[in-house]
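The structure appears below as structure tokens.
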Amino acid sequence: MIRFGPGNLRIPRFERPVYVIAGGLTDFRKRYPEKNSCQLCLEALRMAVEENDLKVSSEEVRRGVNWCVYSQFADHFGDQLLAAAKVHDYLGFDPLGNIEVKTGGATGGSAVLAAAQAVASGYASCVPVVGWERMDEVSTKVGNSYIASAACKDFESELGWMYASYYALMAQRYQYENNVPRETLARIACKNHEYACYSPYSQNPGRYSVDEILKNEIVSHPLAFLECCAMSVGAAVLLVCDEETAFRYADQPIRLAAICGGSHTLRTADRRHMPILLLPNETEATYGEYFSQKRRDWPGFSSFLASRMAAYLAYHMAGIKDPIADFDLLETHDAFTISDVQTYEDIGLRPYGRGREFIESGDAYYEGRLPTNLSGGLIGTMHAVGATGIFQLVEILWQLQGKWDKFHADPERWSRYGKKKPADFRSLQVKNARRGCAISHAGTGSHVTCAILERP
Amino acid sequence: MATAWPNKVLEKVSDDPLVVINPKTWGHHHSYGGWGRFFAGLREQKLLATRCTNQGCPEKRLWLPPRCECPDCWGTMEWIEAPTQGRIYTWSVVKYPGELFKLPPGTPLISVEIEGVCTKLMSWLKEGEARIGLPVRAVFNTARPTNTILDLAWVPA
């Protein structure tokens, strides 16, 4: 669709308010044979229900649940169809109804969207969203083939069987059109690996210099290994409730002000030029002199229409006028450094073509104007795909509740995963954080959700 | 009557935790359906695209990859030979491909921009060094077709 009709851009609304009240995670590892997927989900659920200062017993929460949403990306990886039924039983929720959601890398965001729809419509009042992925049953090389099955198998997968290559094609074009220095991309990787050093849940923490990233081995030119997301095993849980339940159960319910989805062609190849969909902080004049001989197409290969669409709807739904001013923190789906820069533009942190400034200005860092991926993101902490979009919102929830330290700084949390809290640990709690945003993203931008959490 | 224990056993990787290998050996009978004509065209050294036949549809350009039905109006498409010359829109060299890749690591992947085509076809460069804007022409694997998109490649024009 390259021409919108009046119904296409209708702003979604909830019939009643939706809250998130508790989150739980496992740690994330490349291989996790010690625990099966059911156990990982139970561990994350117990953390959500038992460690989030709820005012009621876990028995009361169990008796209050009336619908469940499950989030797993790839049956290929887990090698178990109807895995959600197995997890649902293991969590003890039978015979309550449930659904399993699948939208690639955005599965977690879409699962939370499905839960929000259930609560907002009145269908349900207390919904655990349970996400996980088990990517360790096969070698990394086979795993990359499985992931590339989420490209068009008829016309694209054969060309590399490697998602990093599909992003590398975008990276090359983006650099050509926008002249972004390699160093700027590398700084995103440095930042997220470093923030992962302060997370007991993280899989790929590390302190790297820009130079080390630039000298790191190439996966698919120009992207290096350290610029690509982790392949993880782990689980995440978020508890989504209506207002009455939220305030009865939780000490600090956080409102889900908006969560909206967009989409675009699975094949990047099929993205035709169209007029730029403007966000509330942009006007026609923003792009008056934008197009040039190099930059002829929008969204082309340099932008994600799905992200722009999701942000457009969510910003209007939540009354966001300027994302940098209105958000206190952000979690992006940093599957690759290049997709992060693209996303900065799609969600209006900078106009198209100027995404690099978001990093170069320092805005994206802790104590910058809009700290981004303090969780360590997908590059530093995890990409257990079905859990990812949920993990992002769990981290934002804890930030908005002022509980980041509780869930990251306690040495006991590190030791439960067989780790030692680093001597140079620092708190990444954003002071007085009021509103946060999370972008969950699939394919080369086939599905994207934009979620906005805020303190009521 | 007694039934014997199975004589096929799973290979064990470790005892604690108990890890076994579940084998996977079968193939899928995958049909390209209506898009098969494109792959048949490659064997005849033709780049077959499709175009919407609905006069009222605003999209007059060719689709490549082809579609049998138009996404803008759901109308029927017609098959038309696309030009076999284009320019590189973007490229990458895949150093660590996934398991099923049939070409060697280091193969340049390209997206090709073709006049009159509304898409940018993903493909690979069989000769030469890739750069954005490089004019290229299509070459076809007719000797021993793989019956995949790899039967189409490009070389500098």
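If you're wondering about the labels, chains in the structure tokens are A, B, ... by order shown, residues count from 1 in each chain, ligands from 1 in order shown.
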| field | 9 Å contact set for Ser157 (chain A), only C-alpha atoms, chain neighbours under 5 positions out, as a list in words | value |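 Surrounding residues, per the criterion: Ser145, Ala148, Ser149, Ala150, Ala151, Cys152, Met162 and Tyr163 of chain A; Phe101 of chain B.
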| request: Enumerate the residues of chain B with a DSSP assignment of helix (DSSP H, G or I), computed from the backbone, and present them as a PyMOL selection string. | output: chain B and resi 33-43+149-151
| message | Using only C-alpha atoms, I'd like every residue of chain A that has an atom within 8 Å of chain B; please write them out as a PyMOL selection string. | response | chain A and resi 1+33-34+141-145+148+154-156+158-162+165+168-170+172-173+218-222+269-272
Shell of 7 Å around Asn373 (chain A), only C-alpha atoms, local chain residues under 6 positions omitted, as a short mmCIF file (atom, residue, chain, number, x, y, z; two decimals) with N, CA, C and O atoms, in the first residue's frame:
```
data_model
loop_
_atom_site.label_atom_id
_atom_site.label_comp_id
_atom_site.auth_asym_id
_atom_site.auth_seq_id
_atom_site.Cartn_x
_atom_site.Cartn_y
_atom_site.Cartn_z
N ASN A 192 26.15 -0.36 23.70
CA ASN A 192 25.25 -1.42 24.15
C ASN A 192 26.00 -2.59 24.79
O ASN A 192 25.52 -3.18 25.75
N LEU A 330 14.41 4.94 26.17
CA LEU A 330 13.98 4.26 24.95
C LEU A 330 14.69 2.92 24.86
O LEU A 330 15.86 2.81 25.22
N GLU A 331 13.96 1.91 24.41
CA GLU A 331 14.59 0.64 24.04
C GLU A 331 14.31 0.41 22.56
O GLU A 331 13.14 0.33 22.15
N THR A 332 15.37 0.32 21.77
CA THR A 332 15.19 0.00 20.35
C THR A 332 15.58 -1.45 20.12
O THR A 332 16.25 -2.07 20.94
#
```
In region 20-73 of chain B, DSSP strand (DSSP E) residues written as a PDB file with all heavy atoms, in the first residue's frame:
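Result went into result_38.pdb, see below:
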```pdb
ATOM      1  N   VAL B  20      20.278 -35.183  23.828  1.00  0.00           N
ATOM      2  CA  VAL B  20      20.302 -36.157  22.734  1.00  0.00           C
ATOM      3  C   VAL B  20      20.149 -35.418  21.404  1.00  0.00           C
ATOM      4  O   VAL B  20      19.723 -34.273  21.378  1.00  0.00           O
ATOM      5  CB  VAL B  20      19.157 -37.189  22.868  1.00  0.00           C
ATOM      6  CG1 VAL B  20      19.344 -38.040  24.114  1.00  0.00           C
ATOM      7  CG2 VAL B  20      17.802 -36.497  22.872  1.00  0.00           C
ATOM      8  N   ILE B  21      20.513 -36.069  20.304  1.00  0.00           N
ATOM      9  CA  ILE B  21      20.352 -35.453  18.978  1.00  0.00           C
ATOM     10  C   ILE B  21      19.127 -36.040  18.297  1.00  0.00           C
ATOM     11  O   ILE B  21      19.055 -37.248  18.044  1.00  0.00           O
ATOM     12  CB  ILE B  21      21.606 -35.688  18.111  1.00  0.00           C
ATOM     13  CG1 ILE B  21      22.816 -34.986  18.742  1.00  0.00           C
ATOM     14  CG2 ILE B  21      21.368 -35.177  16.683  1.00  0.00           C
ATOM     15  CD1 ILE B  21      24.103 -35.176  17.978  1.00  0.00           C
ATOM     16  N   LEU B  48      11.650 -13.005 -16.519  1.00  0.00           N
ATOM     17  CA  LEU B  48      10.207 -12.802 -16.654  1.00  0.00           C
ATOM     18  C   LEU B  48       9.635 -12.055 -15.452  1.00  0.00           C
ATOM     19  O   LEU B  48       9.747 -12.512 -14.316  1.00  0.00           O
ATOM     20  CB  LEU B  48       9.488 -14.144 -16.818  1.00  0.00           C
ATOM     21  CG  LEU B  48       9.736 -14.865 -18.145  1.00  0.00           C
ATOM     22  CD1 LEU B  48       8.990 -16.198 -18.174  1.00  0.00           C
ATOM     23  CD2 LEU B  48       9.325 -14.003 -19.337  1.00  0.00           C
ATOM     24  N   ALA B  49       9.043 -10.919 -15.739  1.00  0.00           N
ATOM     25  CA  ALA B  49       8.412 -10.092 -14.713  1.00  0.00           C
ATOM     26  C   ALA B  49       6.908 -10.086 -14.959  1.00  0.00           C
ATOM     27  O   ALA B  49       6.431 -10.651 -15.948  1.00  0.00           O
ATOM     28  CB  ALA B  49       8.973  -8.680 -14.780  1.00  0.00           C
ATOM     29  N   THR B  50       6.168  -9.448 -14.070  1.00  0.00           N
ATOM     30  CA  THR B  50       4.720  -9.329 -14.300  1.00  0.00           C
ATOM     31  C   THR B  50       4.291  -7.867 -14.217  1.00  0.00           C
ATOM     32  O   THR B  50       4.983  -7.027 -13.609  1.00  0.00           O
ATOM     33  CB  THR B  50       3.904 -10.149 -13.282  1.00  0.00           C
ATOM     34  OG1 THR B  50       4.226  -9.715 -11.964  1.00  0.00           O
ATOM     35  CG2 THR B  50       4.184 -11.631 -13.402  1.00  0.00           C
ATOM     36  N   ARG B  51       3.134  -7.573 -14.862  1.00  0.00           N
ATOM     37  CA  ARG B  51       2.579  -6.208 -14.847  1.00  0.00           C
ATOM     38  C   ARG B  51       1.069  -6.303 -14.718  1.00  0.00           C
ATOM     39  O   ARG B  51       0.447  -7.194 -15.301  1.00  0.00           O
ATOM     40  CB  ARG B  51       2.953  -5.484 -16.144  1.00  0.00           C
ATOM     41  CG  ARG B  51       2.532  -4.012 -16.143  1.00  0.00           C
ATOM     42  CD  ARG B  51       3.090  -3.264 -17.329  1.00  0.00           C
ATOM     43  NE  ARG B  51       2.640  -3.861 -18.589  1.00  0.00           N
ATOM     44  CZ  ARG B  51       3.186  -3.579 -19.775  1.00  0.00           C
ATOM     45  NH1 ARG B  51       4.206  -2.740 -19.865  1.00  0.00           N
ATOM     46  NH2 ARG B  51       2.728  -4.153 -20.870  1.00  0.00           N
ATOM     47  N   CYS B  52       0.504  -5.399 -13.956  1.00  0.00           N
ATOM     48  CA  CYS B  52      -0.945  -5.415 -13.725  1.00  0.00           C
ATOM     49  C   CYS B  52      -1.695  -5.091 -15.017  1.00  0.00           C
ATOM     50  O   CYS B  52      -1.339  -4.150 -15.732  1.00  0.00           O
ATOM     51  CB  CYS B  52      -1.306  -4.402 -12.642  1.00  0.00           C
ATOM     52  SG  CYS B  52      -3.052  -4.454 -12.214  1.00  0.00           S
TER      53      CYS B  52
END
```
| request: Considering only C-alpha atoms, state which residue in the set B:Met77, B:Val9, B:Lys60, B:Ala4 is at the smallest distance from Gly34 (chain B). | output: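 The closest residue to Gly34 (chain B) is B:Met77.
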| field | Nearest candidate to Ile359 (chain A) (options A:Ala114, A:Glu137, A:Gln342, A:Gly131; using only C-alpha atoms) | value |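 Comparing A:Ala114, A:Glu137, A:Gln342, A:Gly131 against Ile359 (chain A), the winner is A:Gln342.
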| task | Would you work out the distance separating CA of Leu113 (chain A) from CA of His408 (chain A), expressed in Å to one decimal? | result |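 For CA of Leu113 (chain A) relative to CA of His408 (chain A), the distance reads 26.5 Å.
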| request: Report the distance between CA of Leu96 (chain A) and CA of Tyr123 (chain A) in Å, rounded to one decimal place. | output: 12.6 Å
